[in-house]
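Structure data follow from target_18.txt (compact mmCIF, C-alpha atoms and all ligand atoms):
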# COMPACT_ATOMS: atom_id res chain seq x y z
CA MET A 1 -7.34 34.49 -23.56
CA SER A 2 -10.39 34.34 -21.31
CA ASP A 3 -10.78 31.56 -18.71
CA TYR A 4 -14.45 31.38 -19.57
CA VAL A 5 -16.25 29.57 -22.37
CA VAL A 6 -19.51 31.18 -23.49
CA ARG A 7 -21.85 29.06 -25.57
CA VAL A 8 -25.48 28.15 -26.17
CA LEU A 9 -26.87 25.89 -23.43
CA GLU A 10 -27.79 22.26 -23.96
CA GLU A 11 -31.26 21.25 -22.80
CA ASP A 12 -29.94 19.45 -19.72
CA GLU A 13 -27.88 22.49 -18.61
CA LYS A 14 -30.77 24.92 -18.35
CA HIS A 15 -31.88 24.09 -14.82
CA ALA A 16 -28.32 24.68 -13.58
CA ALA A 17 -28.28 27.99 -15.48
CA GLN A 18 -31.47 28.99 -13.73
CA THR A 19 -29.98 28.10 -10.36
CA VAL A 20 -27.04 30.41 -11.14
CA PHE A 21 -29.40 33.18 -12.23
CA ARG A 22 -31.62 32.81 -9.14
CA GLY A 23 -28.56 32.67 -6.90
CA SER A 24 -27.27 35.93 -8.40
CA LEU A 25 -30.56 37.52 -7.28
CA HIS A 26 -30.24 35.92 -3.80
CA HIS A 27 -33.04 33.44 -4.43
CA PRO A 28 -32.87 29.71 -3.63
CA PRO A 29 -32.92 27.15 -6.47
CA SER A 30 -36.37 26.38 -7.90
CA THR A 31 -38.27 23.35 -6.74
CA ASP A 32 -38.98 20.79 -9.46
CA GLU A 33 -42.52 22.12 -9.73
CA GLU A 34 -41.30 25.71 -10.12
CA TRP A 35 -38.74 24.62 -12.70
CA GLU A 36 -41.51 23.07 -14.80
CA HIS A 37 -42.88 26.60 -15.30
CA ALA A 38 -39.53 28.37 -15.41
CA ALA A 39 -38.16 26.11 -18.17
CA ASP A 40 -40.21 28.10 -20.68
CA GLY A 41 -37.90 31.02 -19.93
CA TYR A 42 -34.96 29.24 -21.59
CA PRO A 43 -35.79 28.92 -25.29
CA ALA A 44 -33.72 26.56 -27.43
CA ARG A 45 -30.66 28.13 -29.08
CA ARG A 46 -31.25 31.52 -27.39
CA SER A 47 -30.02 30.63 -23.90
CA PHE A 48 -26.33 31.25 -23.22
CA GLY A 49 -24.14 29.99 -20.41
CA ALA A 50 -20.65 31.00 -19.31
CA PHE A 51 -18.56 28.04 -18.12
CA ARG A 52 -15.37 27.84 -16.08
CA SER A 53 -13.69 24.43 -15.81
CA GLY A 54 -16.88 22.84 -17.12
CA ARG A 55 -19.12 24.41 -14.47
CA ILE A 56 -21.73 27.01 -15.33
CA VAL A 57 -21.12 30.39 -13.65
CA GLY A 58 -23.18 32.83 -15.72
CA SER A 59 -26.31 32.98 -17.86
CA ALA A 60 -28.23 35.22 -20.26
CA GLN A 61 -31.09 34.39 -22.58
CA SER A 62 -33.63 36.04 -24.83
CA PHE A 63 -37.01 35.18 -26.24
CA GLY A 64 -38.42 36.37 -29.54
CA SER A 65 -41.03 39.09 -29.44
CA ALA A 66 -41.86 42.27 -31.39
CA MET A 67 -42.04 45.96 -30.51
CA VAL A 68 -44.02 48.77 -32.05
CA VAL A 69 -41.99 51.87 -32.94
CA PRO A 70 -43.14 55.44 -33.65
CA GLY A 71 -45.33 55.44 -36.74
CA GLY A 72 -46.78 51.99 -36.00
CA LYS A 73 -44.33 49.53 -37.59
CA VAL A 74 -43.74 46.41 -35.52
CA LEU A 75 -40.14 45.17 -35.45
CA PRO A 76 -38.72 41.82 -34.30
CA LEU A 77 -37.46 42.21 -30.75
CA ALA A 78 -35.25 40.06 -28.54
CA ALA A 79 -36.51 40.24 -24.97
CA VAL A 80 -33.41 39.65 -22.86
CA SER A 81 -33.62 38.24 -19.35
CA ARG A 82 -32.23 35.67 -16.85
CA VAL A 83 -28.94 37.57 -16.74
CA GLY A 84 -26.76 36.63 -13.80
CA VAL A 85 -23.20 35.75 -12.86
CA ARG A 86 -22.22 33.74 -9.78
CA ALA A 87 -20.97 36.01 -7.00
CA ASP A 88 -17.55 34.33 -6.97
CA HIS A 89 -17.03 35.11 -10.68
CA THR A 90 -18.25 38.70 -11.01
CA ARG A 91 -16.13 41.59 -12.35
CA ARG A 92 -14.01 39.34 -14.54
CA GLY A 93 -15.72 40.12 -17.80
CA VAL A 94 -18.22 37.22 -17.78
CA LEU A 95 -21.25 39.39 -18.53
CA THR A 96 -19.26 41.25 -21.19
CA GLU A 97 -18.62 37.94 -22.97
CA LEU A 98 -22.25 36.86 -22.60
CA MET A 99 -23.51 40.19 -23.98
CA SER A 100 -21.08 40.08 -26.93
CA ALA A 101 -22.16 36.55 -27.86
CA GLN A 102 -25.82 37.45 -27.52
CA LEU A 103 -25.59 40.65 -29.58
CA ARG A 104 -23.78 38.73 -32.33
CA GLN A 105 -26.53 36.11 -32.29
CA LEU A 106 -29.28 38.74 -32.50
CA ARG A 107 -27.61 40.22 -35.59
CA GLU A 108 -27.66 36.75 -37.15
CA LEU A 109 -31.31 36.29 -36.20
CA ASP A 110 -32.12 39.63 -37.88
CA GLU A 111 -33.71 41.06 -34.77
CA PRO A 112 -33.07 44.80 -35.01
CA LEU A 113 -34.11 45.55 -31.41
CA ALA A 114 -33.33 44.07 -28.02
CA ALA A 115 -34.85 45.10 -24.71
CA LEU A 116 -34.46 44.24 -21.05
CA HIS A 117 -35.35 45.33 -17.52
CA ALA A 118 -32.30 46.11 -15.44
CA THR A 119 -31.76 45.43 -11.76
CA GLU A 120 -29.21 48.27 -11.62
CA SER A 121 -28.69 51.27 -13.90
CA VAL A 122 -24.92 50.86 -14.02
CA ILE A 123 -24.90 47.60 -15.93
CA TYR A 124 -26.14 47.91 -19.51
CA GLY A 125 -25.19 51.33 -20.92
CA ARG A 126 -21.73 50.03 -21.78
CA PHE A 127 -23.31 47.35 -23.99
CA GLY A 128 -25.27 49.96 -25.95
CA TYR A 129 -28.60 49.78 -24.08
CA GLY A 130 -30.34 53.01 -23.08
CA VAL A 131 -33.50 53.73 -21.10
CA ALA A 132 -36.18 54.13 -23.75
CA THR A 133 -39.37 54.01 -21.70
CA ARG A 134 -40.13 55.02 -18.13
CA GLY A 135 -43.01 54.36 -15.77
CA ARG A 136 -44.33 55.63 -12.50
CA THR A 137 -45.57 53.85 -9.39
CA VAL A 138 -49.01 55.19 -8.53
CA GLU A 139 -50.66 54.82 -5.15
CA ALA A 140 -54.27 55.86 -4.73
CA GLU A 141 -56.57 55.68 -1.73
CA SER A 142 -59.59 53.42 -2.16
CA THR A 143 -63.01 55.00 -2.11
CA ARG A 144 -64.23 52.89 0.87
CA GLY A 145 -67.82 53.56 0.01
CA ARG A 146 -67.36 57.16 -1.11
CA THR A 147 -68.59 58.20 -4.51
CA LEU A 148 -66.05 58.96 -7.21
CA PRO A 149 -66.48 62.09 -9.32
CA PRO A 150 -68.68 61.25 -12.33
CA MET A 151 -66.97 60.18 -15.54
CA PRO A 152 -68.45 58.91 -18.80
CA SER A 153 -68.41 55.14 -18.47
CA SER A 154 -67.45 53.06 -21.48
CA GLY A 155 -68.69 49.62 -20.48
CA GLU A 156 -69.05 46.88 -17.92
CA ILE A 157 -66.66 44.86 -15.82
CA ARG A 158 -66.74 41.14 -14.95
CA LEU A 159 -64.36 38.92 -13.00
CA LEU A 160 -62.86 35.90 -14.74
CA GLU A 161 -62.85 32.42 -13.24
CA PRO A 162 -59.26 31.11 -12.90
CA ASP A 163 -59.81 28.55 -15.67
CA GLU A 164 -60.84 31.33 -18.08
CA MET A 165 -57.70 33.44 -17.64
CA MET A 166 -55.42 31.58 -20.02
CA THR A 167 -58.11 31.33 -22.68
CA VAL A 168 -59.26 34.97 -22.51
CA LEU A 169 -56.18 37.09 -21.73
CA PRO A 170 -53.73 36.31 -24.58
CA GLY A 171 -56.37 36.99 -27.25
CA LEU A 172 -57.59 40.10 -25.46
CA TYR A 173 -54.06 41.52 -25.20
CA GLU A 174 -53.67 40.94 -28.94
CA ARG A 175 -57.00 42.61 -29.61
CA ILE A 176 -56.02 45.65 -27.54
CA GLY A 177 -52.95 45.88 -29.76
CA LEU A 178 -49.58 47.57 -29.49
CA ARG A 179 -51.03 50.98 -28.90
CA ARG A 180 -48.02 53.12 -28.19
CA PRO A 181 -44.33 53.05 -29.06
CA GLY A 182 -42.51 50.63 -26.80
CA MET A 183 -45.33 48.11 -26.36
CA MET A 184 -44.39 44.53 -27.17
CA ALA A 185 -45.97 41.29 -28.33
CA ARG A 186 -46.37 38.57 -25.71
CA PRO A 187 -45.59 35.06 -26.97
CA GLU A 188 -47.53 32.14 -25.52
CA SER A 189 -44.54 31.28 -23.33
CA TRP A 190 -44.86 34.69 -21.61
CA TRP A 191 -48.44 33.93 -20.62
CA ARG A 192 -47.49 30.46 -19.41
CA MET A 193 -44.65 31.85 -17.29
CA VAL A 194 -46.62 34.73 -15.83
CA VAL A 195 -50.26 33.66 -15.56
CA GLN A 196 -50.26 29.85 -15.83
CA ARG A 197 -47.36 29.63 -13.37
CA ARG A 198 -49.22 31.70 -10.77
CA LEU A 199 -52.36 29.63 -11.21
CA SER A 200 -50.48 26.32 -10.98
CA LEU A 201 -48.60 27.43 -7.87
CA LYS A 202 -51.97 28.39 -6.38
CA GLU A 203 -51.12 32.07 -6.06
CA HIS A 204 -54.22 34.15 -5.70
CA LEU A 205 -54.67 36.27 -8.81
CA THR A 206 -57.81 38.18 -9.72
CA VAL A 207 -58.58 39.29 -13.26
CA ALA A 208 -61.32 41.76 -14.22
CA VAL A 209 -62.27 42.23 -17.87
CA HIS A 210 -63.86 45.38 -19.28
CA SER A 211 -66.39 45.07 -22.13
CA GLY A 212 -67.53 47.96 -24.27
CA PRO A 213 -69.95 48.16 -27.22
CA ASP A 214 -67.61 46.02 -29.37
CA GLY A 215 -66.89 43.35 -26.78
CA ASP A 216 -63.96 42.81 -24.41
CA ASP A 217 -61.60 45.77 -24.62
CA GLY A 218 -59.53 45.87 -21.44
CA PHE A 219 -58.39 43.90 -18.42
CA VAL A 220 -56.64 44.22 -15.10
CA ALA A 221 -54.87 41.47 -13.14
CA TYR A 222 -54.25 42.13 -9.46
CA GLN A 223 -53.34 40.64 -6.12
CA THR A 224 -54.01 41.92 -2.59
CA SER A 225 -51.87 41.67 0.52
CA VAL A 226 -51.78 42.63 4.18
CA THR A 227 -48.55 43.66 5.88
CA PRO A 228 -48.83 42.85 9.61
CA PRO A 229 -49.23 44.37 12.13
CA SER A 230 -51.36 46.66 9.98
CA GLU A 231 -54.62 45.13 8.89
CA ASP A 232 -54.85 47.44 5.91
CA ARG A 233 -55.12 45.60 2.64
CA THR A 234 -53.27 46.88 -0.42
CA LEU A 235 -54.36 45.96 -3.92
CA THR A 236 -51.40 45.67 -6.29
CA VAL A 237 -51.97 45.87 -10.01
CA GLN A 238 -49.92 43.32 -11.99
CA ASP A 239 -51.13 44.08 -15.48
CA LEU A 240 -53.56 46.68 -16.85
CA HIS A 241 -54.33 47.39 -20.49
CA GLY A 242 -57.22 48.79 -22.49
CA THR A 243 -58.06 49.90 -26.00
CA SER A 244 -58.50 53.52 -24.86
CA LEU A 245 -57.80 55.80 -21.93
CA GLY A 246 -61.52 55.65 -21.07
CA VAL A 247 -61.37 51.86 -20.71
CA VAL A 248 -58.21 52.04 -18.61
CA LEU A 249 -59.73 54.64 -16.28
CA ASP A 250 -62.95 52.58 -15.99
CA LEU A 251 -60.77 49.73 -14.74
CA TRP A 252 -59.05 52.11 -12.28
CA ARG A 253 -62.49 53.18 -10.99
CA PHE A 254 -63.36 49.54 -10.46
CA LEU A 255 -60.10 48.92 -8.54
CA LEU A 256 -60.63 51.97 -6.32
CA GLY A 257 -64.00 50.60 -5.27
CA VAL A 258 -62.96 47.02 -4.35
CA ASP A 259 -64.07 46.38 -0.75
CA LEU A 260 -61.74 45.82 2.22
CA VAL A 261 -58.88 47.56 0.44
CA ARG A 262 -57.26 50.74 1.75
CA SER A 263 -55.09 51.63 -1.23
CA VAL A 264 -54.39 50.63 -4.80
CA SER A 265 -50.81 50.48 -5.98
CA ALA A 266 -49.62 50.08 -9.55
CA TRP A 267 -46.02 50.08 -10.70
CA LEU A 268 -44.53 51.15 -14.01
CA ARG A 269 -47.68 52.83 -15.27
CA PRO A 270 -47.51 55.26 -18.23
CA LEU A 271 -46.35 58.74 -17.20
CA ASP A 272 -49.47 60.32 -18.68
CA GLU A 273 -52.19 58.12 -17.10
CA PRO A 274 -54.32 60.72 -15.25
CA VAL A 275 -55.43 58.72 -12.19
CA GLU A 276 -55.24 61.94 -10.10
CA LEU A 277 -58.19 63.27 -12.09
CA ILE A 278 -60.60 60.46 -11.19
CA VAL A 279 -60.14 60.31 -7.39
CA PRO A 280 -62.19 62.57 -5.08
CA ASN A 281 -59.14 64.72 -4.19
CA ARG A 282 -55.93 64.88 -6.17
CA GLY A 283 -53.90 64.42 -2.97
CA GLU A 284 -55.33 60.91 -2.60
CA CYS A 285 -53.25 59.77 -5.56
CA ARG A 286 -49.46 60.01 -5.42
CA THR A 287 -46.53 59.14 -7.63
CA THR A 288 -44.32 57.22 -5.20
CA ALA A 289 -41.60 56.33 -7.70
CA LEU A 290 -40.68 57.26 -11.23
CA GLY A 291 -38.07 55.31 -13.03
CA GLU A 292 -36.69 53.32 -15.88
CA GLU A 293 -38.86 50.70 -17.52
CA THR A 294 -37.35 49.41 -20.80
CA TRP A 295 -33.65 49.40 -21.62
CA LEU A 296 -33.52 49.28 -25.41
CA ARG A 297 -30.67 48.25 -27.72
CA LEU A 298 -30.68 49.15 -31.41
CA VAL A 299 -29.02 45.97 -32.65
CA ASP A 300 -29.38 46.99 -36.30
CA VAL A 301 -29.21 50.79 -36.31
CA PRO A 302 -30.00 51.40 -40.01
CA ALA A 303 -32.98 49.00 -39.93
CA ALA A 304 -34.31 50.51 -36.69
CA LEU A 305 -33.89 54.10 -37.86
CA ALA A 306 -35.54 53.35 -41.20
CA ALA A 307 -38.54 51.65 -39.54
CA ARG A 308 -39.80 54.56 -37.47
CA SER A 309 -41.59 57.65 -38.70
CA TYR A 310 -40.33 61.21 -38.20
CA GLY A 311 -41.90 64.59 -37.59
CA ASP A 312 -41.93 67.42 -40.07
CA ALA A 313 -38.48 69.02 -40.33
CA ASP A 314 -35.50 69.13 -42.67
CA PRO A 315 -33.17 66.13 -42.33
CA VAL A 316 -30.25 65.96 -39.92
CA VAL A 317 -27.05 63.95 -40.24
CA VAL A 318 -26.50 61.85 -37.14
CA GLU A 319 -23.22 60.08 -36.45
CA VAL A 320 -23.60 56.98 -34.28
CA HIS A 321 -20.82 55.29 -32.28
CA ASP A 322 -21.13 51.62 -31.39
CA ARG A 323 -18.24 49.84 -29.69
CA PHE A 324 -19.89 46.41 -29.51
CA LEU A 325 -21.40 46.27 -32.99
CA PRO A 326 -19.09 48.41 -35.15
CA GLU A 327 -21.16 47.68 -38.27
CA ASN A 328 -23.70 50.15 -36.85
CA ALA A 329 -21.17 52.96 -36.58
CA GLY A 330 -21.35 55.75 -39.13
CA SER A 331 -23.45 58.68 -40.25
CA TYR A 332 -27.13 58.57 -41.20
CA ARG A 333 -29.21 61.24 -42.87
CA VAL A 334 -32.54 61.11 -41.00
CA GLY A 335 -35.62 62.89 -42.31
CA PRO A 336 -39.36 62.48 -42.91
CA GLU A 337 -38.64 60.98 -46.35
CA GLY A 338 -36.46 58.22 -44.93
CA VAL A 339 -33.03 57.32 -43.62
CA GLU A 340 -29.82 56.63 -45.52
CA ARG A 341 -26.17 56.18 -44.75
CA THR A 342 -24.09 59.19 -45.76
CA ASP A 343 -20.54 60.49 -45.88
CA ALA A 344 -21.74 64.03 -45.20
CA ARG A 345 -20.42 65.93 -42.19
CA ALA A 346 -22.38 65.05 -39.05
CA ASP A 347 -24.68 67.64 -37.47
CA LEU A 348 -25.11 65.54 -34.33
CA GLU A 349 -23.02 62.79 -32.80
CA LEU A 350 -24.01 60.30 -30.11
CA PRO A 351 -23.31 56.80 -28.78
CA VAL A 352 -25.78 54.03 -29.57
CA ASP A 353 -27.13 53.93 -25.96
CA ALA A 354 -28.15 57.60 -26.22
CA LEU A 355 -29.75 56.88 -29.59
CA ALA A 356 -31.93 54.28 -27.80
CA MET A 357 -33.12 56.99 -25.37
CA LEU A 358 -34.06 59.19 -28.32
CA TYR A 359 -35.51 56.46 -30.52
CA LEU A 360 -38.98 55.94 -29.03
CA GLY A 361 -39.35 59.62 -28.14
CA ASP A 362 -38.76 59.44 -24.39
CA VAL A 363 -36.04 62.13 -24.36
CA SER A 364 -35.40 64.93 -26.85
CA ALA A 365 -32.15 65.55 -28.69
CA SER A 366 -31.88 68.93 -26.92
CA VAL A 367 -32.08 67.31 -23.50
CA LEU A 368 -29.48 64.72 -24.53
CA ALA A 369 -27.20 67.55 -25.70
CA THR A 370 -27.68 69.60 -22.53
CA THR A 371 -26.91 66.57 -20.38
CA GLY A 372 -23.76 65.77 -22.35
CA ARG A 373 -24.97 62.59 -24.03
CA LEU A 374 -25.11 64.01 -27.55
CA THR A 375 -22.74 66.44 -29.26
CA ALA A 376 -24.37 69.04 -31.48
CA HIS A 377 -22.05 70.45 -34.15
CA ASP A 378 -24.92 72.59 -35.43
CA PRO A 379 -27.43 74.12 -32.93
CA ASP A 380 -30.04 74.51 -35.65
CA ALA A 381 -29.83 70.76 -36.39
CA LEU A 382 -30.60 70.09 -32.74
CA LEU A 383 -33.93 71.89 -33.06
CA ARG A 384 -34.67 69.95 -36.26
CA ALA A 385 -33.84 66.68 -34.48
CA ASP A 386 -36.27 67.62 -31.70
CA ARG A 387 -39.04 67.99 -34.27
CA LEU A 388 -38.06 64.84 -36.17
CA PHE A 389 -37.86 62.48 -33.18
CA THR A 390 -40.74 63.85 -31.13
CA THR A 391 -43.79 61.59 -30.63
CA GLY A 392 -47.27 62.40 -29.31
CA ALA A 393 -47.22 60.57 -25.98
CA PRO A 394 -44.56 59.10 -23.71
CA PRO A 395 -43.49 55.65 -24.91
CA TRP A 396 -44.35 52.75 -22.60
CA SER A 397 -44.06 48.98 -22.64
CA GLY A 398 -46.40 47.65 -19.95
CA THR A 399 -44.94 44.15 -20.18
CA PHE A 400 -42.53 42.86 -17.58
CA PHE A 401 -40.26 39.95 -18.43
C1 LIG B 501 -24.72 42.39 -13.20
C2 LIG B 501 -23.82 41.19 -13.40
C3 LIG B 501 -24.49 40.22 -14.37
C4 LIG B 501 -22.49 41.69 -14.01
O1 LIG B 501 -21.68 40.57 -14.33
P1 LIG B 501 -20.08 40.68 -14.38
O2 LIG B 501 -19.59 39.43 -14.98
O3 LIG B 501 -19.55 41.08 -13.05
O4 LIG B 501 -19.88 41.88 -15.39
P2 LIG B 501 -18.51 42.24 -16.13
O5 LIG B 501 -17.34 41.75 -15.32
O6 LIG B 501 -18.56 41.79 -17.54
O7 LIG B 501 -18.60 43.81 -16.05
C5 LIG B 501 -18.38 44.68 -17.11
C6 LIG B 501 -18.23 46.08 -16.55
O8 LIG B 501 -19.44 46.47 -15.92
C7 LIG B 501 -19.22 46.83 -14.56
N1 LIG B 501 -20.34 46.28 -13.79
C8 LIG B 501 -21.07 45.19 -14.12
N2 LIG B 501 -22.03 44.98 -13.21
C9 LIG B 501 -21.91 45.96 -12.31
C10 LIG B 501 -22.61 46.26 -11.11
N3 LIG B 501 -23.65 45.49 -10.72
N4 LIG B 501 -22.21 47.33 -10.41
C11 LIG B 501 -21.17 48.08 -10.84
N5 LIG B 501 -20.46 47.83 -11.96
C12 LIG B 501 -20.83 46.79 -12.68
C13 LIG B 501 -17.92 46.13 -14.20
O9 LIG B 501 -17.26 46.77 -13.14
C14 LIG B 501 -17.15 46.21 -15.49
O10 LIG B 501 -16.58 47.51 -15.62
P3 LIG B 501 -15.21 47.76 -16.40
O11 LIG B 501 -15.43 47.30 -17.81
O12 LIG B 501 -15.01 49.23 -16.28
O13 LIG B 501 -14.21 46.93 -15.67
C15 LIG B 501 -23.51 40.48 -12.07
O14 LIG B 501 -22.91 41.41 -11.21
C16 LIG B 501 -24.74 39.88 -11.40
O15 LIG B 501 -25.08 38.75 -11.65
N6 LIG B 501 -25.42 40.68 -10.54
C17 LIG B 501 -26.57 40.20 -9.78
C18 LIG B 501 -27.76 39.81 -10.67
C19 LIG B 501 -28.18 40.93 -11.59
O16 LIG B 501 -28.28 42.08 -11.18
N7 LIG B 501 -28.40 40.57 -12.86
C20 LIG B 501 -28.84 41.52 -13.87
C21 LIG B 501 -30.28 41.28 -14.14
S1 LIG B 501 -30.93 42.52 -15.21
Full structure transcribed into structure tokens:
Amino acid sequence: MSDYVVRVLEEDEKHAAQTVFRGSLHHPPSTDEEWEHAADGYPARRSFGAFRSGRIVGSAQSFGSAMVVPGGKVLPLAAVSRVGVRADHTRRGVLTELMSAQLRQLRELDEPLAALHATESVIYGRFGYGVATRGRTVEAESTRGRTLPPMPSSGEIRLLEPDEMMTVLPGLYERIGLRRPGMMARPESWWRMVVQRRLSLKEHLTVAVHSGPDGDDGFVAYQTSVTPPSEDRTLTVQDLHGTSLGVVLDLWRFLLGVDLVRSVSAWLRPLDEPVELIVPNRGECRTTALGEETWLRLVDVPAALAARSYGDADPVVVEVHDRFLPENAGSYRVGPEGVERTDARADLELPVDALAMLYLGDVSASVLATTGRLTAHDPDALLRADRLFTTGAPPWSGTFF
């Protein structure tokens, strides 16, 4: 029997849970003022603690959101975060117990998807999470007075006053909509934790809004910094969304022209955002990192498979293995007409973490087979699966939590 008790946190245990989480990331405990804003990150009934001899040594929580999947359906999503175990209790199965309790709870809550951002790639595959969206860090030189190549402009840009940010941004994000597979809804608490917190703690945050013929249709939030001894100022994009690529690139053009800035840096941008094509020379825009963005967990495999759309190909029978949620295990016939459980012989076989990589269209079945993450019993079925699961553009979330 385990020495640890894992259970939902009481209200008065949450600050201690946050101290454990922050400590696991080598951060000091929050001040009372910081905790006021961080408390939103521990929703009632969804925040778990692991206790040893009555003392909290591990934490994991989730908040309710929603994610759009290929074809446009929006599914309930658990956004998992605040995962940490005290350094003197790691590698004893504490996270395993927290993850098991949380996955069980998400099944009960009928949330077919869970997602998180991982500090290290070794942690979550064993719990059935797979990398489902990726992003790139883009660094582009500012124009510093030079003219950018012409581009059709789609509107105008204005800066928000700080007291406008919380009234304008949540509605604007909703208006922009979940435009590509992997994007997620942002509950009010997300805005309070990310924007209101920065404003209250007097962090300098600038927000520019783009307006087109139909009104506000995009925004960028950014901060700038200087790293001594250099006096060069870098502008770092925190959040950038628009209703179309034209709007997004208009916002990039604005950023590239902000005065007293040498370079613009943006992390976890979509892989297909063509910033290179709007700077004077392609070499002035570089991808400095490319990596995992969303780790996705199909908590309810049949519901998740049935919710997305599929390309035009004959069905394939996919056998899924799931150690943590055995009710997901089994074979599914997947085709453009729908998805059903079947006893038929499997064409393809894969663990649930690899299914997450395939699900939003980030990686093809063929690539998963070649890299040993999927077993193809029928090579022809592999080609059909490529056509069924393919999507038009790389999936992307664009929301950090
Ligand atoms: C990541 C973390 C939560 C793991 O907690 P834990 O209680 O040690 O995890 P478990 O003991 O349940 O580990 C389960 C398995 O994962 C492996 N594992 C877990 N975290 C690992 C890590 N960071 N590096 C290597 N292996 C890891 C364990 O070795 C174990 O493997 P096994 O089943 O083959 O024995 C903990 O190390 C931690 O708090 N790290 C710092 C904060 C952090 O990165 N949090 C994650 C935020 S996304």
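The shortest atom-to-atom distance to ligand LIG 501 (chain B), with all atoms listed in the file taken into account, belongs to A:Phe401 out of A:Phe401, A:Tyr332, A:Phe389, A:Trp396.
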request  = Could you please extract the residues within 10 Å of ligand LIG 501 (chain B), counting only C-alpha atoms and all ligand atoms, and hand them back as a PyMOL selection string?
outcome  = chain A and resi 20-26+50+57-60+80-100+116-127+295
Using all atoms listed in the file, collect all residues at a distance of at most 8 Å from (-43.0, 50.5, -17.2) as written in the file, then present them as a PDB file with C-alpha atoms, keeping the file's coordinate frame.
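The file below, selection.pdb, is the result:
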ATOM      1  CA  THR A 133     -39.370  54.010 -21.700  1.00  0.00           C
ATOM      2  CA  ARG A 134     -40.130  55.020 -18.130  1.00  0.00           C
ATOM      3  CA  GLY A 135     -43.010  54.360 -15.770  1.00  0.00           C
ATOM      4  CA  ARG A 136     -44.330  55.630 -12.500  1.00  0.00           C
ATOM      5  CA  TRP A 267     -46.020  50.080 -10.700  1.00  0.00           C
ATOM      6  CA  LEU A 268     -44.530  51.150 -14.010  1.00  0.00           C
ATOM      7  CA  ARG A 269     -47.680  52.830 -15.270  1.00  0.00           C
ATOM      8  CA  PRO A 270     -47.510  55.260 -18.230  1.00  0.00           C
ATOM      9  CA  GLU A 292     -36.690  53.320 -15.880  1.00  0.00           C
ATOM     10  CA  GLU A 293     -38.860  50.700 -17.520  1.00  0.00           C
ATOM     11  CA  THR A 294     -37.350  49.410 -20.800  1.00  0.00           C
ATOM     12  CA  TRP A 396     -44.350  52.750 -22.600  1.00  0.00           C
ATOM     13  CA  SER A 397     -44.060  48.980 -22.640  1.00  0.00           C
ATOM     14  CA  GLY A 398     -46.400  47.650 -19.950  1.00  0.00           C
ATOM     15  CA  THR A 399     -44.940  44.150 -20.180  1.00  0.00           C
ATOM     16  CA  PHE A 400     -42.530  42.860 -17.580  1.00  0.00           C
TER      17      PHE A 400
END
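These residues, each with an atom at most 10 Å from (-55.8, 57.9, -12.9) using all atoms listed in the file, are Val138, Glu139, Ala140, Leu245, Val248, Leu249, Asp250, Leu251, Trp252, Arg253, Arg269, Asp272, Glu273, Pro274, Val275, Glu276, Leu277, Ile278, Val279, Arg282 and Cys285 of chain A.
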key: Spatial neighbours of Arg52 of chain A, max dist 9 Å, all atoms listed in the file, sep filter under 4 positions, as an MDAnalysis selection string   = chainID A and resid 3:5 56:57
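Atom to atom, atom CA of Phe324 of chain A and atom CA of Val301 of chain A stand 12.3 Å apart.
Shortest atom-to-atom contact with Leu358 of chain A among A:Leu260, A:Ala132, A:Ala38, A:Ala329: A:Ala132, counting all atoms listed in the file.
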inquiry  = Between atom CA of Leu205 of chain A and atom CA of Glu188 of chain A, what is the distance in Å, rounded to a tenth?
reply    = 18.6 Å
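In this structure, atom CA of Val258 of chain A sits 28.8 Å away from atom CA of Arg180 of chain A.
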